[in-house]
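Asker: The structure file model_24.cif (mmCIF, C-alpha atoms) is provided below.
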```cif
data_data
#
loop_
_atom_site.label_atom_id
_atom_site.label_comp_id
_atom_site.auth_asym_id
_atom_site.auth_seq_id
_atom_site.Cartn_x
_atom_site.Cartn_y
_atom_site.Cartn_z
CA MET A 7 -171.37 -148.23 62.66
CA ILE A 8 -168.06 -150.09 62.27
CA ARG A 9 -169.55 -153.04 64.15
CA GLU A 10 -172.39 -153.21 61.60
CA ILE A 11 -169.90 -152.98 58.75
CA LEU A 12 -167.75 -155.78 60.15
CA ASN A 13 -170.88 -157.92 60.58
CA GLN A 14 -171.29 -157.73 56.80
CA PHE A 15 -167.80 -159.19 56.38
CA GLN A 16 -168.10 -162.07 58.84
CA ASP A 17 -166.93 -164.50 56.15
CA GLU A 18 -163.52 -162.78 56.12
CA LEU A 19 -163.24 -161.29 59.62
CA ILE A 20 -160.37 -162.30 61.92
CA ILE A 21 -161.25 -161.83 65.62
CA VAL A 22 -158.48 -161.54 68.21
CA ASP A 23 -159.95 -162.19 71.67
CA LYS A 24 -156.78 -162.07 73.76
CA PRO A 25 -155.35 -158.75 75.06
CA VAL A 26 -153.17 -157.03 72.44
CA SER A 27 -150.59 -154.31 72.99
CA LYS A 28 -150.99 -151.09 70.98
CA LYS A 29 -147.19 -150.98 70.69
CA PHE A 30 -146.21 -152.96 67.56
CA GLU A 31 -148.57 -155.91 68.23
CA ILE A 32 -151.51 -154.43 66.30
CA THR A 33 -149.12 -153.90 63.38
CA SER A 34 -147.94 -157.51 63.60
CA TYR A 35 -151.49 -158.88 63.27
CA LEU A 36 -152.45 -156.52 60.45
CA LEU A 37 -149.30 -157.41 58.50
CA GLN A 38 -149.85 -161.11 59.10
CA HIS A 39 -153.40 -161.03 57.74
CA LYS A 40 -152.56 -158.56 54.93
CA THR A 41 -155.99 -157.86 53.43
CA LYS A 42 -158.33 -159.57 55.87
CA PRO A 43 -160.24 -157.33 58.32
CA VAL A 44 -159.11 -157.80 61.92
CA LEU A 45 -161.09 -156.98 65.08
CA PHE A 46 -159.12 -156.72 68.32
CA LYS A 47 -161.42 -157.20 71.31
CA ASP A 48 -159.06 -155.90 74.00
CA VAL A 49 -156.51 -153.14 73.45
CA ASP A 50 -156.18 -151.53 76.87
CA GLY A 51 -159.87 -152.30 77.35
CA TRP A 52 -160.94 -150.83 73.98
CA GLU A 53 -161.91 -152.50 70.71
CA VAL A 54 -159.85 -151.77 67.61
CA ALA A 55 -160.28 -152.75 63.95
CA GLY A 56 -157.92 -152.59 60.98
CA ASN A 57 -157.66 -153.76 57.36
CA ILE A 58 -161.39 -153.00 57.04
CA TRP A 59 -161.18 -151.49 53.57
CA SER A 60 -158.08 -153.30 52.30
CA THR A 61 -159.46 -154.65 48.99
CA ARG A 62 -161.34 -153.14 46.07
CA GLU A 63 -163.75 -156.05 46.17
CA ARG A 64 -164.76 -155.41 49.79
CA ILE A 65 -165.24 -151.70 49.18
CA ALA A 66 -167.33 -152.35 46.09
CA ARG A 67 -169.36 -155.01 47.90
CA TYR A 68 -170.29 -152.59 50.68
CA LEU A 69 -171.28 -149.92 48.14
CA GLY A 70 -173.32 -152.40 46.08
CA ILE A 71 -171.27 -152.06 42.90
CA LYS A 72 -168.65 -154.02 40.93
CA ARG A 73 -164.92 -153.55 41.43
CA GLU A 74 -164.56 -152.10 37.93
CA GLU A 75 -167.23 -149.48 38.68
CA LEU A 76 -165.35 -147.86 41.60
CA VAL A 77 -163.57 -145.34 39.38
CA HIS A 78 -166.90 -144.18 37.91
CA PHE A 79 -168.63 -144.17 41.31
CA ILE A 80 -165.99 -141.87 42.81
CA MET A 81 -165.81 -139.70 39.70
CA GLU A 82 -169.59 -139.18 39.63
CA ALA A 83 -169.60 -138.08 43.27
CA MET A 84 -166.66 -135.72 42.74
CA GLU A 85 -168.33 -134.12 39.73
CA ASN A 86 -171.79 -133.92 41.34
CA PRO A 87 -171.54 -132.97 45.04
CA LYS A 88 -174.83 -133.16 46.93
CA PRO A 89 -176.08 -131.23 49.99
CA TYR A 90 -175.79 -132.99 53.31
CA LYS A 91 -178.60 -133.06 55.84
CA GLU A 92 -178.54 -131.84 59.45
CA ALA A 93 -179.75 -134.41 62.00
CA LYS A 94 -181.04 -133.71 65.48
CA THR A 95 -178.65 -136.01 67.31
CA ALA A 96 -175.96 -138.68 66.92
CA GLU A 97 -175.07 -141.88 68.75
CA PHE A 98 -171.70 -140.49 69.84
CA PHE A 99 -173.42 -137.84 72.00
CA LYS A 100 -174.26 -140.64 74.48
CA ASN A 101 -170.70 -140.49 75.83
CA SER A 102 -168.83 -137.21 76.20
CA THR A 103 -166.00 -136.18 78.49
CA LYS A 104 -163.12 -133.79 78.97
CA ASP A 105 -161.50 -136.26 81.35
CA PHE A 106 -159.45 -138.47 79.03
CA SER A 107 -155.83 -139.15 78.14
CA LEU A 108 -154.61 -139.70 74.59
CA LYS A 109 -151.93 -141.97 76.04
CA GLU A 110 -154.61 -144.28 77.44
CA LEU A 111 -156.66 -144.48 74.24
CA PRO A 112 -155.95 -147.38 71.83
CA VAL A 113 -153.86 -145.17 69.52
CA PRO A 114 -151.24 -147.54 68.05
CA HIS A 115 -147.48 -147.20 68.01
CA TYR A 116 -147.02 -148.88 64.63
CA PHE A 117 -143.30 -149.24 63.89
CA PRO A 118 -140.12 -149.15 66.03
CA ARG A 119 -138.70 -145.87 64.69
CA ASP A 120 -142.02 -143.98 64.73
CA GLY A 121 -142.00 -140.87 66.90
CA GLY A 122 -144.69 -142.42 69.10
CA GLN A 123 -148.38 -143.30 69.05
CA TYR A 124 -150.12 -142.11 65.88
CA PHE A 125 -153.66 -141.30 64.81
CA THR A 126 -153.65 -142.44 61.17
CA SER A 127 -157.35 -142.55 60.29
CA ALA A 128 -157.92 -139.08 61.79
CA ILE A 129 -160.09 -136.87 59.58
CA TYR A 130 -160.04 -133.17 60.44
CA ILE A 131 -163.08 -130.98 59.83
CA ALA A 132 -162.70 -127.19 59.74
CA LYS A 133 -164.90 -124.29 58.63
CA ASP A 134 -163.70 -120.92 57.32
CA GLU A 135 -165.30 -117.49 57.70
CA ASN A 136 -167.20 -117.92 54.43
CA GLY A 137 -168.83 -121.16 55.55
CA PHE A 138 -166.63 -123.51 53.52
CA VAL A 139 -166.19 -126.86 55.30
CA ASN A 140 -163.00 -128.83 54.66
CA LEU A 141 -162.62 -132.55 55.37
CA SER A 142 -159.13 -134.10 55.15
CA TYR A 143 -156.79 -136.75 56.59
CA HIS A 144 -153.92 -135.68 58.79
CA ARG A 145 -151.71 -138.07 60.68
CA THR A 146 -151.25 -136.92 64.26
CA MET A 147 -148.47 -137.94 66.66
CA VAL A 148 -149.46 -138.15 70.31
CA ARG A 149 -147.35 -135.72 72.34
CA ASP A 150 -148.84 -136.08 75.83
CA GLU A 151 -152.22 -136.68 77.49
CA LYS A 152 -154.03 -133.92 75.60
CA THR A 153 -151.82 -132.73 72.71
CA GLY A 154 -150.31 -133.98 69.49
CA THR A 155 -148.47 -132.67 66.45
CA VAL A 156 -150.40 -132.75 63.18
CA ARG A 157 -148.81 -133.14 59.75
CA LEU A 158 -150.21 -130.36 57.54
CA VAL A 159 -149.23 -130.67 53.89
CA PRO A 160 -149.73 -127.28 52.16
CA ARG A 161 -153.30 -127.79 51.04
CA HIS A 162 -156.69 -126.50 52.22
CA LEU A 163 -156.47 -127.13 55.97
CA TYR A 164 -152.92 -125.77 55.98
CA ALA A 165 -154.17 -122.55 54.33
CA MET A 166 -156.94 -122.23 56.93
CA TRP A 167 -154.50 -122.83 59.79
CA LYS A 168 -151.87 -120.46 58.38
CA ASP A 169 -154.38 -117.65 58.07
CA LYS A 170 -155.21 -118.03 61.77
CA ALA A 171 -151.62 -118.61 62.91
CA GLU A 172 -150.37 -115.43 61.22
CA HIS A 173 -152.77 -113.51 63.48
CA GLY A 174 -151.74 -115.51 66.56
CA GLU A 175 -155.07 -117.34 66.61
CA GLU A 176 -156.09 -120.99 66.98
CA LEU A 177 -158.02 -122.96 64.35
CA ASP A 178 -161.10 -124.72 65.71
CA VAL A 179 -161.44 -128.28 64.33
CA ARG A 180 -163.33 -131.51 64.88
CA ILE A 181 -161.42 -134.78 64.54
CA ILE A 182 -163.37 -137.92 63.62
CA ILE A 183 -162.24 -141.55 63.89
CA GLY A 184 -164.05 -144.66 62.68
CA ASN A 185 -166.14 -143.88 59.59
CA PRO A 186 -167.80 -145.76 56.70
CA ILE A 187 -166.10 -145.90 53.33
CA HIS A 188 -167.98 -143.06 51.60
CA ILE A 189 -166.69 -140.60 54.21
CA LEU A 190 -163.19 -142.07 54.11
CA LEU A 191 -162.97 -141.89 50.31
CA ALA A 192 -164.42 -138.38 50.16
CA ALA A 193 -161.86 -137.12 52.68
CA ALA A 194 -159.07 -138.30 50.34
CA THR A 195 -160.36 -136.40 47.31
CA SER A 196 -158.85 -133.08 46.27
CA PRO A 197 -161.70 -130.83 45.07
CA PRO A 198 -161.18 -127.11 44.43
CA TYR A 199 -161.27 -124.83 47.47
CA GLY A 200 -164.93 -124.06 48.14
CA VAL A 201 -166.20 -127.56 47.29
CA SER A 202 -166.68 -129.47 50.53
CA GLU A 203 -165.64 -133.10 50.80
CA LEU A 204 -168.73 -133.52 53.00
CA SER A 205 -170.81 -132.82 49.89
CA ILE A 206 -168.85 -135.44 47.95
CA ALA A 207 -169.47 -137.94 50.77
CA SER A 208 -173.17 -137.03 50.63
CA SER A 209 -173.21 -137.68 46.89
CA MET A 210 -171.61 -141.09 47.44
CA SER A 211 -174.22 -141.85 50.09
CA GLU A 212 -177.02 -140.85 47.68
CA ILE A 213 -175.63 -143.06 44.90
CA ALA A 214 -174.93 -146.10 47.08
CA PHE A 215 -177.70 -145.94 49.70
CA GLY A 216 -180.30 -143.54 48.32
CA LYS A 217 -179.97 -141.02 51.15
CA PRO A 218 -177.84 -137.95 51.90
CA LEU A 219 -175.05 -137.81 54.45
CA GLU A 220 -176.36 -136.77 57.85
CA VAL A 221 -174.40 -134.44 60.14
CA VAL A 222 -174.81 -132.81 63.52
CA ASN A 223 -173.62 -129.35 64.45
CA ILE A 224 -170.95 -129.29 67.16
CA ASN A 225 -170.40 -125.63 68.06
CA GLY A 226 -170.65 -124.45 64.48
CA ILE A 227 -168.89 -127.33 62.68
CA PRO A 228 -170.83 -130.16 60.96
CA VAL A 229 -169.80 -133.71 61.91
CA PRO A 230 -171.04 -136.96 60.28
CA ILE A 231 -173.35 -138.85 62.64
CA GLU A 232 -171.77 -142.19 61.65
CA SER A 233 -168.41 -141.47 63.37
CA GLU A 234 -167.31 -143.73 66.24
CA PHE A 235 -165.10 -141.12 67.98
CA VAL A 236 -165.28 -137.32 67.73
CA PHE A 237 -162.89 -134.82 69.33
CA GLU A 238 -163.32 -131.11 69.75
CA ALA A 239 -159.83 -129.68 69.20
CA LYS A 240 -157.81 -126.60 68.29
CA ILE A 241 -154.70 -126.32 66.11
CA LEU A 242 -152.31 -123.81 67.68
CA PRO A 243 -149.86 -121.41 66.01
CA GLU A 244 -147.18 -123.23 68.05
CA LEU A 245 -144.92 -125.80 66.31
CA ASP A 246 -143.19 -128.93 67.60
CA LYS A 247 -141.48 -132.00 66.18
CA GLU A 248 -143.56 -134.51 64.21
CA GLY A 249 -142.08 -137.82 63.05
CA PRO A 250 -140.35 -139.91 62.01
CA PHE A 251 -143.22 -141.97 60.68
CA VAL A 252 -143.68 -144.74 58.10
CA ASP A 253 -145.54 -143.41 55.06
CA ILE A 254 -147.28 -145.18 52.18
CA THR A 255 -144.06 -146.46 50.59
CA GLY A 256 -143.13 -148.36 53.77
CA THR A 257 -140.14 -146.09 54.35
CA TYR A 258 -139.71 -143.54 57.15
CA ASP A 259 -140.72 -139.94 56.56
CA ILE A 260 -138.50 -137.27 58.13
CA VAL A 261 -138.96 -135.23 61.32
CA ARG A 262 -140.51 -131.80 60.72
CA GLU A 263 -141.71 -128.83 62.75
CA GLN A 264 -145.51 -129.09 62.61
CA PRO A 265 -148.48 -127.45 64.38
CA VAL A 266 -149.52 -128.53 67.86
CA VAL A 267 -153.14 -129.68 68.25
CA VAL A 268 -154.96 -129.64 71.60
CA PHE A 269 -157.69 -132.25 72.18
CA GLU A 270 -160.32 -130.66 74.42
CA LYS A 271 -163.37 -132.94 74.49
CA MET A 272 -164.12 -136.50 73.40
CA TYR A 273 -167.38 -138.09 72.26
CA HIS A 274 -167.90 -141.74 71.35
CA VAL A 275 -170.65 -144.24 70.65
CA GLU A 276 -171.50 -147.12 73.00
CA ARG A 277 -168.83 -149.85 72.66
CA PRO A 278 -166.83 -147.83 70.12
CA ILE A 279 -164.35 -149.39 67.73
CA PHE A 280 -161.17 -147.43 67.04
CA HIS A 281 -160.01 -147.57 63.40
CA ALA A 282 -156.30 -148.45 63.20
CA LEU A 283 -155.21 -147.57 59.66
CA LEU A 284 -151.87 -149.31 59.09
CA SER A 285 -149.55 -146.95 57.27
CA SER A 286 -148.14 -148.63 54.14
CA GLY A 287 -150.75 -151.39 54.45
CA TYR A 288 -153.30 -152.30 51.78
CA GLU A 289 -156.03 -150.26 53.48
CA HIS A 290 -153.78 -147.20 53.29
CA TYR A 291 -153.22 -147.93 49.59
CA MET A 292 -156.95 -148.10 48.89
CA LEU A 293 -157.99 -144.98 50.77
CA MET A 294 -155.18 -142.85 49.38
CA GLY A 295 -155.07 -144.27 45.85
CA LEU A 296 -158.66 -144.91 44.78
CA PRO A 297 -159.67 -141.21 44.68
CA LYS A 298 -156.74 -140.50 42.32
CA GLU A 299 -157.84 -143.04 39.72
CA PRO A 300 -160.79 -140.89 38.50
CA GLN A 301 -158.39 -137.96 38.02
CA ILE A 302 -156.17 -140.11 35.79
CA TYR A 303 -159.20 -141.50 33.95
CA LYS A 304 -160.60 -138.04 33.26
CA SER A 305 -157.25 -136.70 32.09
CA VAL A 306 -156.59 -139.61 29.70
CA LYS A 307 -160.14 -139.44 28.32
CA GLN A 308 -159.43 -135.90 27.15
CA VAL A 309 -156.88 -137.25 24.65
CA VAL A 310 -158.16 -140.80 23.99
CA PRO A 311 -161.97 -141.16 23.64
CA LYS A 312 -162.19 -144.82 24.73
CA VAL A 313 -160.72 -145.39 28.20
CA HIS A 314 -161.77 -148.68 29.80
CA GLY A 315 -160.13 -148.50 33.18
CA VAL A 316 -157.40 -147.13 35.42
CA ARG A 317 -155.60 -148.95 38.21
CA LEU A 318 -153.01 -147.62 40.60
CA THR A 319 -151.13 -150.82 41.44
CA GLU A 320 -150.51 -152.25 44.88
CA GLY A 321 -146.87 -152.90 43.93
CA GLY A 322 -146.49 -149.18 43.32
CA CYS A 323 -148.17 -148.42 46.69
CA MET A 324 -151.25 -147.28 44.75
CA TRP A 325 -149.50 -143.96 44.35
CA LEU A 326 -146.47 -144.22 42.06
CA HIS A 327 -147.47 -146.82 39.42
CA ALA A 328 -150.55 -146.98 37.18
CA VAL A 329 -152.01 -149.12 34.41
CA VAL A 330 -154.43 -147.59 31.90
CA SER A 331 -156.60 -149.53 29.46
CA ILE A 332 -157.60 -147.85 26.17
CA THR A 333 -158.86 -148.56 22.66
CA LYS A 334 -156.58 -146.82 20.21
CA GLN A 335 -157.86 -144.85 17.26
CA HIS A 336 -154.36 -143.71 16.20
CA ASP A 337 -150.95 -145.23 16.81
CA GLY A 338 -149.88 -142.22 18.87
CA ASP A 339 -152.72 -142.68 21.36
CA GLY A 340 -150.67 -144.86 23.69
CA LYS A 341 -148.02 -142.19 24.17
CA ASN A 342 -150.63 -139.44 24.53
CA ALA A 343 -152.33 -141.53 27.22
CA ILE A 344 -149.01 -141.80 29.07
CA LEU A 345 -148.53 -138.03 29.11
CA ALA A 346 -152.15 -137.44 30.13
CA ALA A 347 -151.86 -139.92 33.01
CA PHE A 348 -148.89 -137.99 34.41
CA ALA A 349 -150.89 -134.77 34.12
CA GLY A 350 -153.87 -136.33 35.93
CA HIS A 351 -151.80 -137.50 38.91
CA PRO A 352 -148.53 -135.54 39.15
CA SER A 353 -147.13 -137.89 41.82
CA LEU A 354 -147.24 -140.76 39.30
CA LYS A 355 -143.79 -142.15 38.46
CA HIS A 356 -144.42 -145.06 36.07
CA VAL A 357 -147.40 -145.85 33.82
CA ILE A 358 -148.20 -148.75 31.49
CA VAL A 359 -150.84 -148.33 28.78
CA VAL A 360 -152.51 -151.51 27.49
CA ASP A 361 -155.27 -152.53 25.08
CA GLU A 362 -158.81 -153.34 26.17
CA ASP A 363 -158.19 -157.11 26.00
CA ILE A 364 -155.79 -156.94 28.97
CA ASN A 365 -157.19 -157.32 32.48
CA ILE A 366 -155.64 -154.41 34.35
CA TYR A 367 -156.32 -156.13 37.71
CA ASP A 368 -154.13 -159.11 36.74
CA ASP A 369 -150.40 -158.40 37.11
CA LYS A 370 -149.54 -161.44 34.97
CA GLU A 371 -151.58 -160.13 32.05
CA ILE A 372 -150.00 -156.70 32.34
CA GLU A 373 -146.51 -158.21 32.28
CA TRP A 374 -147.53 -160.38 29.32
CA ALA A 375 -148.60 -157.26 27.39
CA VAL A 376 -145.22 -155.64 28.10
CA ALA A 377 -143.42 -158.84 27.07
CA THR A 378 -145.24 -159.25 23.74
CA ARG A 379 -146.30 -155.74 22.68
CA PHE A 380 -143.50 -153.43 23.78
CA GLN A 381 -140.13 -152.47 22.31
CA ALA A 382 -137.96 -150.23 24.47
CA ASP A 383 -136.42 -148.27 21.58
CA LYS A 384 -139.84 -147.30 20.16
CA ASP A 385 -142.47 -147.57 22.88
CA LEU A 386 -140.78 -146.07 25.95
CA VAL A 387 -141.42 -142.49 27.08
CA VAL A 388 -138.84 -141.10 29.52
CA ILE A 389 -139.27 -137.74 31.25
CA PRO A 390 -136.18 -136.70 33.22
CA ASN A 391 -136.08 -134.27 36.16
CA ALA A 392 -139.84 -133.99 36.56
CA ARG A 393 -141.78 -132.94 39.62
CA GLY A 394 -142.85 -136.13 41.38
CA SER A 395 -143.93 -137.38 44.76
CA SER A 396 -142.21 -136.29 47.95
CA LEU A 397 -143.04 -139.79 49.25
CA ASP A 398 -140.64 -141.43 46.77
CA PRO A 399 -137.40 -142.10 48.71
CA SER A 400 -135.41 -142.36 45.45
CA GLY A 401 -136.39 -138.85 44.36
CA GLU A 402 -134.36 -135.76 45.11
CA LYS A 403 -136.19 -132.84 46.71
CA GLY A 404 -139.45 -133.91 45.06
CA PHE A 405 -137.94 -134.38 41.58
CA THR A 406 -137.80 -137.72 39.79
CA ALA A 407 -137.42 -139.36 36.39
CA LYS A 408 -140.65 -140.77 34.98
CA TRP A 409 -141.25 -143.42 32.37
CA GLY A 410 -144.25 -144.70 30.48
CA ILE A 411 -144.60 -147.96 28.54
CA ASP A 412 -146.87 -148.15 25.51
CA ALA A 413 -147.79 -151.84 25.54
CA THR A 414 -150.57 -151.51 22.97
CA LYS A 415 -150.77 -153.32 19.63
CA PRO A 416 -149.85 -151.37 16.47
CA LEU A 417 -153.08 -150.69 14.58
CA GLY A 418 -151.71 -151.92 11.26
CA LYS A 419 -150.60 -155.28 12.67
CA LYS A 420 -153.28 -156.06 15.26
CA GLU A 421 -153.84 -159.61 14.03
CA GLU A 422 -150.17 -160.47 14.60
CA PHE A 423 -150.52 -159.59 18.30
CA GLU A 424 -153.81 -161.34 19.03
CA ARG A 425 -153.81 -164.04 21.70
CA ALA A 426 -154.89 -167.50 20.67
CA LYS A 427 -158.43 -168.38 21.73
CA LEU A 428 -160.39 -171.62 21.63
#
```
Hey, can you dump this file as structure tokens for me?

Answerer:
Amino acid sequence: MIREILNQFQDELIIVDKPVSKKFEITSYLLQHKTKPVLFKDVDGWEVAGNIWSTRERIARYLGIKREELVHFIMEAMENPKPYKEAKTAEFFKNSTKDFSLKELPVPHYFPRDGGQYFTSAIYIAKDENGFVNLSYHRTMVRDEKTGTVRLVPRHLYAMWKDKAEHGEELDVRIIIGNPIHILLAAATSPPYGVSELSIASSMSEIAFGKPLEVVNINGIPVPIESEFVFEAKILPELDKEGPFVDITGTYDIVREQPVVVFEKMYHVERPIFHALLSSGYEHYMLMGLPKEPQIYKSVKQVVPKVHGVRLTEGGCMWLHAVVSITKQHDGDGKNAILAAFAGHPSLKHVIVVDEDINIYDDKEIEWAVATRFQADKDLVVIPNARGSSLDPSGEKGFTAKWGIDATKPLGKKEEFERAKL
């Protein structure tokens, strides 16, 4: 599947034919080419690809929509999950084995101070006793030939694991690597417990391709048939050290005691391509940030009827900084939009609200709006000691100061702020 996707991007694809080390060298190439997709033909005899989904334009192109429509595409799928369909077989069933070593797979060691090799595009699939299926990303540090430590933030999979661990039991999971964008985006959404991300992925597939997501049943757990690698695994009650590791801000996350995961069986397609998701790279920004933009959009639209767009900026790691475009009906709308944006994405640290004539995808235009339409003594909203993102290294124990800039034109003086046009 990844091979077919990369074939669609031949005009941008960088191919590295020579042997490449999984220790730091993959990182070097991905950093060098920034947003261009890179295919490594020989990483310990395996093929590896990175930077696949590193621009909005490429993601939109694959889905058959415009860049500006991504927020609505994701929002529609989140609000209208669709049933997925069970298939009879999958390509990855052609190769299955229990005789493998995680150390010998092309799992990269990204940065010098990382705790070791890391699965970064690993999506975990688990099913609870009521039939709810959860799909979510969890970085996993390779520990030895068959085990790793998995970072579980207290969300749905953590709750499922904790329930088992408190009874001394293991949590059965499937781990998938190498998936198309609708599965990757769906896995990064945060629906209420009971709404499966697989159903959101199926809705995206219906909208973009006119067909539901197809899955196969692997010992009771549904797995998308489009995956390149699949592992049967169990998360143990046992804990071990995980980290340090570079997170989305490009700074090192701390060492924690995290659950041990045992990899029991591996499946993969013929000539599989391993997805190396560079932490703190543009692809990481897109996959983590894009699903949060609809949440901000929806929250702002509750207080300002006309919202034209939301962008989490690359300079803010697509996590901490946002720009929101609105049409004001009242002069207080800009400040209300600021407060609503923080409510829609609590990790947000800084937000700029602009008028509809500003292109939110152009950093120069955004700065121009701040330069010509903003006064710090009247248009700045500061919120001290607020709950923020644990990923922000300048915060203290998850608390931060937040600010919002209202860079919109005053309604009574709009003509004085208009840009000259020919």

Asker: Written as a list of chain:residue names, which residues does the PyMOL selection byres ((chain A and resi 20) around 7) give for the file shown?

Answerer: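 Applied to this file, the PyMOL selection byres ((chain A and resi 20) around 7) selects A:Glu18, A:Leu19, A:Ile21, A:Val22, A:Lys42, A:Pro43, A:Val44, A:Leu45.
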
Asker: Which protein, DNA or RNA residues are at most 10 Å from (-146.2, -139.0, 23.7) in the file's coordinates when you count all atoms listed in the file, listed as a list in words?

Answerer: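 All residues meeting the 10 Å criterion around (-146.2, -139.0, 23.7) are Gly338, Asp339, Gly340, Lys341, Asn342, Ala343, Ile344, Leu345, Ala346, Asp385, Leu386, Val387, Val388, Gly410 and Asp412 of chain A.
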
Asker: Point out the residue among A:Val316, A:Ala83, A:Ile182, A:Leu284 with the least atom-to-atom distance to A:Pro218, counting only C-alpha atoms.

Answerer: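 Among A:Val316, A:Ala83, A:Ile182, A:Leu284, it is A:Ala83 that comes nearest to A:Pro218.
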
Asker: Where does the PyMOL selection byres ((chain A and resi 152) around 9) land in this file, that is, which residues does it pick, as a PDB file with C-alpha atoms, in the coordinates of the input?

Answerer:
```pdb
ATOM      1  CA  PHE A 106    -159.450-138.470  79.030  1.00  0.00           C
ATOM      2  CA  SER A 107    -155.830-139.150  78.140  1.00  0.00           C
ATOM      3  CA  LEU A 108    -154.610-139.700  74.590  1.00  0.00           C
ATOM      4  CA  LYS A 109    -151.930-141.970  76.040  1.00  0.00           C
ATOM      5  CA  VAL A 148    -149.460-138.150  70.310  1.00  0.00           C
ATOM      6  CA  ARG A 149    -147.350-135.720  72.340  1.00  0.00           C
ATOM      7  CA  ASP A 150    -148.840-136.080  75.830  1.00  0.00           C
ATOM      8  CA  GLU A 151    -152.220-136.680  77.490  1.00  0.00           C
ATOM      9  CA  THR A 153    -151.820-132.730  72.710  1.00  0.00           C
ATOM     10  CA  GLY A 154    -150.310-133.980  69.490  1.00  0.00           C
ATOM     11  CA  VAL A 267    -153.140-129.680  68.250  1.00  0.00           C
ATOM     12  CA  VAL A 268    -154.960-129.640  71.600  1.00  0.00           C
ATOM     13  CA  PHE A 269    -157.690-132.250  72.180  1.00  0.00           C
ATOM     14  CA  GLU A 270    -160.320-130.660  74.420  1.00  0.00           C
TER      15      GLU A 270
END
```

Asker: Between A:Glu176, A:Asp361, A:Glu220, A:Glu263, which one has atoms that come closest to A:Phe423, using all atoms listed in the file?

Answerer: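 Closest to A:Phe423 of all the choices is A:Asp361.
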
Asker: Please output stretch 138-142 of chain A, rebuilt to include all heavy atoms, as a short mmCIF file (atom, residue, chain, number, x, y, z; two decimals), in the coordinates of the input.

Answerer:
```cif
data_model
loop_
_atom_site.label_atom_id
_atom_site.label_comp_id
_atom_site.auth_asym_id
_atom_site.auth_seq_id
_atom_site.Cartn_x
_atom_site.Cartn_y
_atom_site.Cartn_z
N PHE A 138 -167.17 -122.33 54.19
CA PHE A 138 -166.63 -123.51 53.52
C PHE A 138 -166.15 -124.53 54.54
O PHE A 138 -165.41 -124.19 55.48
CB PHE A 138 -165.47 -123.11 52.60
CG PHE A 138 -164.60 -124.27 52.16
CD1 PHE A 138 -165.13 -125.30 51.40
CD2 PHE A 138 -163.26 -124.33 52.51
CE1 PHE A 138 -164.35 -126.37 51.00
CE2 PHE A 138 -162.46 -125.38 52.12
CZ PHE A 138 -163.01 -126.41 51.36
N VAL A 139 -166.57 -125.79 54.37
CA VAL A 139 -166.19 -126.86 55.30
C VAL A 139 -165.21 -127.80 54.60
O VAL A 139 -165.49 -128.35 53.54
CB VAL A 139 -167.43 -127.66 55.75
CG1 VAL A 139 -167.00 -128.80 56.68
CG2 VAL A 139 -168.42 -126.75 56.46
N ASN A 140 -164.04 -127.95 55.22
CA ASN A 140 -163.00 -128.83 54.66
C ASN A 140 -162.92 -130.12 55.48
O ASN A 140 -163.02 -130.11 56.71
CB ASN A 140 -161.64 -128.13 54.70
CG ASN A 140 -160.54 -129.00 54.11
OD1 ASN A 140 -160.47 -129.18 52.90
ND2 ASN A 140 -159.70 -129.56 54.96
N LEU A 141 -162.72 -131.22 54.76
CA LEU A 141 -162.62 -132.55 55.37
C LEU A 141 -161.35 -133.19 54.81
O LEU A 141 -161.23 -133.35 53.59
CB LEU A 141 -163.85 -133.37 54.96
CG LEU A 141 -164.18 -134.66 55.67
CD1 LEU A 141 -164.79 -134.36 57.04
CD2 LEU A 141 -165.18 -135.47 54.84
N SER A 142 -160.38 -133.56 55.66
CA SER A 142 -159.13 -134.10 55.15
C SER A 142 -158.39 -134.92 56.20
O SER A 142 -158.52 -134.68 57.40
CB SER A 142 -158.22 -132.97 54.64
OG SER A 142 -158.07 -131.95 55.60
#
```
